[in-house]
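Participant: Right, I'll just put the structure down here and ask away after.
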Amino acid sequence: MKVAGSVGLVTGGGGGLGAGVARMLVDNGGHAVVLDLESSPAAAFATSTPNVTFIPTNVADPEQVRSAVEQTISDKGRIDLCVNAAGISPAQRVVDRKGSIHSLDVFEKTIDVNLVGAFDVIRNVAGAMSKNPPGEDGERGLIVNVSSAAGLEGQAGQAAYTASKGALIALTLQLARDLSIHGIRVMTVAPGIMDTPMLAGIDDERRAALVDLHVFPKRLGTPADFAHLVKCFMEVTLLNGEVVRLDAATRL
C-alpha cells in the first residue's frame with residue numbers, strides 16, 4: 001500500500017500517537033480523517049494541518065462510529081488505513097492499601113472505550129474496506145490497533161487497561177484470518193513508554209526514571225517513531241497478523 005493518495009482514519013488522532021500518524025499521512029501525500037472527542041485538540045489540529053479532516057466522535061458510541069465511517073466514505077470515497085489509537089488508562093489496584101476494591105464502573109468504561117469501541121470501529125471500517133478495489137497483492141486495507149506493553153506484561157494498578165489492551169493483542173491473528181478473504185491486513189503495536197500527553201505534567205525526576213527503563217536507546221518513544229512504524233506496515237504487505245513491540249527492549 002502506498003501512502004501517497006491513501007485515506008487513513010485515525011481514532012484518538014487529536015494528539016499523541018494518533019496525531020503522529022495523521023501528520024505522517026499528510027507529509028507523504030495522503031489524507032487523514034481524525035476521530036476524537038469534541039473536547040480534544042483535534043479541531044485545532046485539523047484547521048492548522050492541510051488534508052486533515054476532523055469528525056467529532058466518541059468511539060464508545062456506536063451511532064457516532066457508524067456515522068463517522070459513513071461520512072468518511074461519502075467525503076473521501078474509501079478508507080485504506082485504520083489506526084485505533086483512542087483509549088483511556090485509569091490506574092486502580094484491585095484492592096488498594098486502604099482495602100478499597102477496584103471500581104467496576106471504571107473497569108467497564110475502560111473495556112467499553114479501549115476494546116468494545118475499537119472493535120466497533122474495526123467492524124465498520126472493515127465493511128467499508130471490503131468494497132475497495134484490490135491493490136498490490138489483492139490488498140484492500142490495513143487495520144492497525146494500538147495495544148501496550150501492559151497488554152503483554154500487566155503492570156500493578158492497571159487491571160482494566162491491561163485487560164483491554166491484552167484483548168486487542170489476542171484479537172490480532174484472529175482478525176487477520178477473519179478479514180483475509182477481503183484482502184484486509186491487521187497489525188498491532190505494543191508501545192512502551194511514549195512521550196505523549198499522558199505523560200504531561202510529570203516532573204523531571206520521574207521522566208528520567210521512565211527513560212532509564214528503556215534498555216536502548218535511552219529516550220522516550222515519540223509519535224514520529226510510532227508513525228514511521230505504521231508507514232512500514234503500509235508499505236510492506238507481507239506484514240500481517242503480528243504484534244510488534246515498540247519499546248526499546250523495555251520490560252515492565
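Ordering of the C-alpha cells sets the chain letters (A, B, ...); residue numbers start at 1 within each chain; ligands are numbered from 1 in the order shown.
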Using only C-alpha atoms, which protein or nucleic acid residues come within 10 Å of Asp27 of chain A? Drop anything in the same chain fewer than 3 positions from it, and give the result as a list in words.
Facilitator: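 Surrounding residues, per the criterion: Val3, Ala4, Val21, Ala22, Arg23, Met24, Gly30, His31, Thr49, Pro50 and Asn51 of chain A.
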Participant: Tell me which protein, DNA and RNA residues are within 12 Å of Gln174 of chain A, counting only C-alpha atoms, leaving out same-chain ones fewer than 3 positions away, and put them as a ChimeraX atom specification.
Facilitator: /A:167-171,177-180,185-188,240-242
Participant: Counting only C-alpha atoms, which residues of segment 65-108 of chain A fall within 12 Å of segment 35-45 of chain A, and what is the closest atom pair for each with its distance in Å at one decimal, ordered by chain and rising number, as CSV?
Facilitator:
```
residue,atom,partner,partner_atom,distance
A:Val65,CA,A:Leu35,CA,8.7
A:Arg66,CA,A:Leu35,CA,11.6
A:Ser67,CA,A:Leu35,CA,11.0
A:Ala68,CA,A:Leu35,CA,7.6
A:Val69,CA,A:Leu35,CA,9.5
A:Gln71,CA,A:Leu35,CA,11.3
A:Thr72,CA,A:Leu35,CA,10.2
A:Cys82,CA,A:Leu35,CA,10.7
A:Val83,CA,A:Leu35,CA,10.2
A:Asn84,CA,A:Leu35,CA,9.6
A:Ala85,CA,A:Leu35,CA,9.6
A:Ala86,CA,A:Asp36,CA,7.4
A:Gly87,CA,A:Asp36,CA,10.1
```
Participant: Determine which residues of segment 49-119 of chain A DSSP labels as strand (DSSP E or B) from the backbone of this structure, then write them out as a list in words.
Facilitator: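 So the strand (DSSP E or B) residues in segment 49-119 of chain A would be Val52, Thr53, Phe54, Ile55, Pro56, Leu81, Cys82, Val83, Asn84, Gln92, Val95 and Ile101 of chain A.
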Participant: What would the file look like if the residues just selected were written as a short mmCIF file (atom, residue, chain, number, x, y, z; two decimals), in the first residue's frame with N, CA and C atoms?
Facilitator:
```cif
data_model
loop_
_atom_site.label_atom_id
_atom_site.label_comp_id
_atom_site.auth_asym_id
_atom_site.auth_seq_id
_atom_site.Cartn_x
_atom_site.Cartn_y
_atom_site.Cartn_z
N VAL A 52 -6.21 17.20 6.62
CA VAL A 52 -6.70 16.53 7.82
C VAL A 52 -8.14 16.97 8.05
N THR A 53 -9.03 16.01 8.20
CA THR A 53 -10.43 16.26 8.48
C THR A 53 -10.76 15.75 9.87
N PHE A 54 -11.51 16.53 10.63
CA PHE A 54 -11.90 16.13 11.97
C PHE A 54 -13.38 15.82 12.02
N ILE A 55 -13.71 14.63 12.54
CA ILE A 55 -15.10 14.26 12.77
C ILE A 55 -15.25 13.96 14.26
N PRO A 56 -15.93 14.84 15.01
CA PRO A 56 -16.10 14.59 16.45
C PRO A 56 -16.78 13.24 16.69
N LEU A 81 -6.54 2.87 5.36
CA LEU A 81 -5.85 2.59 6.63
C LEU A 81 -6.75 2.98 7.78
N CYS A 82 -6.77 2.15 8.81
CA CYS A 82 -7.45 2.50 10.05
C CYS A 82 -6.47 2.28 11.20
N VAL A 83 -6.28 3.30 12.01
CA VAL A 83 -5.42 3.19 13.19
C VAL A 83 -6.26 3.49 14.42
N ASN A 84 -6.39 2.50 15.29
CA ASN A 84 -7.17 2.65 16.52
C ASN A 84 -6.27 3.08 17.66
N GLN A 92 -5.94 1.86 38.98
CA GLN A 92 -6.52 1.42 40.25
C GLN A 92 -6.02 0.01 40.55
N VAL A 95 -7.31 -4.31 44.94
CA VAL A 95 -7.57 -3.93 46.33
C VAL A 95 -6.42 -3.02 46.75
N ILE A 101 -11.82 -1.74 47.09
CA ILE A 101 -11.73 -2.58 45.90
C ILE A 101 -11.92 -1.76 44.62
#
```
Participant: Just want the 10 Å neighbourhood of Val215 of chain A, counted on only C-alpha atoms, with same-chain residues fewer than 2 positions away dropped. Output as a PyMOL selection string.
Facilitator: chain A and resi 211-213+217-219+247-251
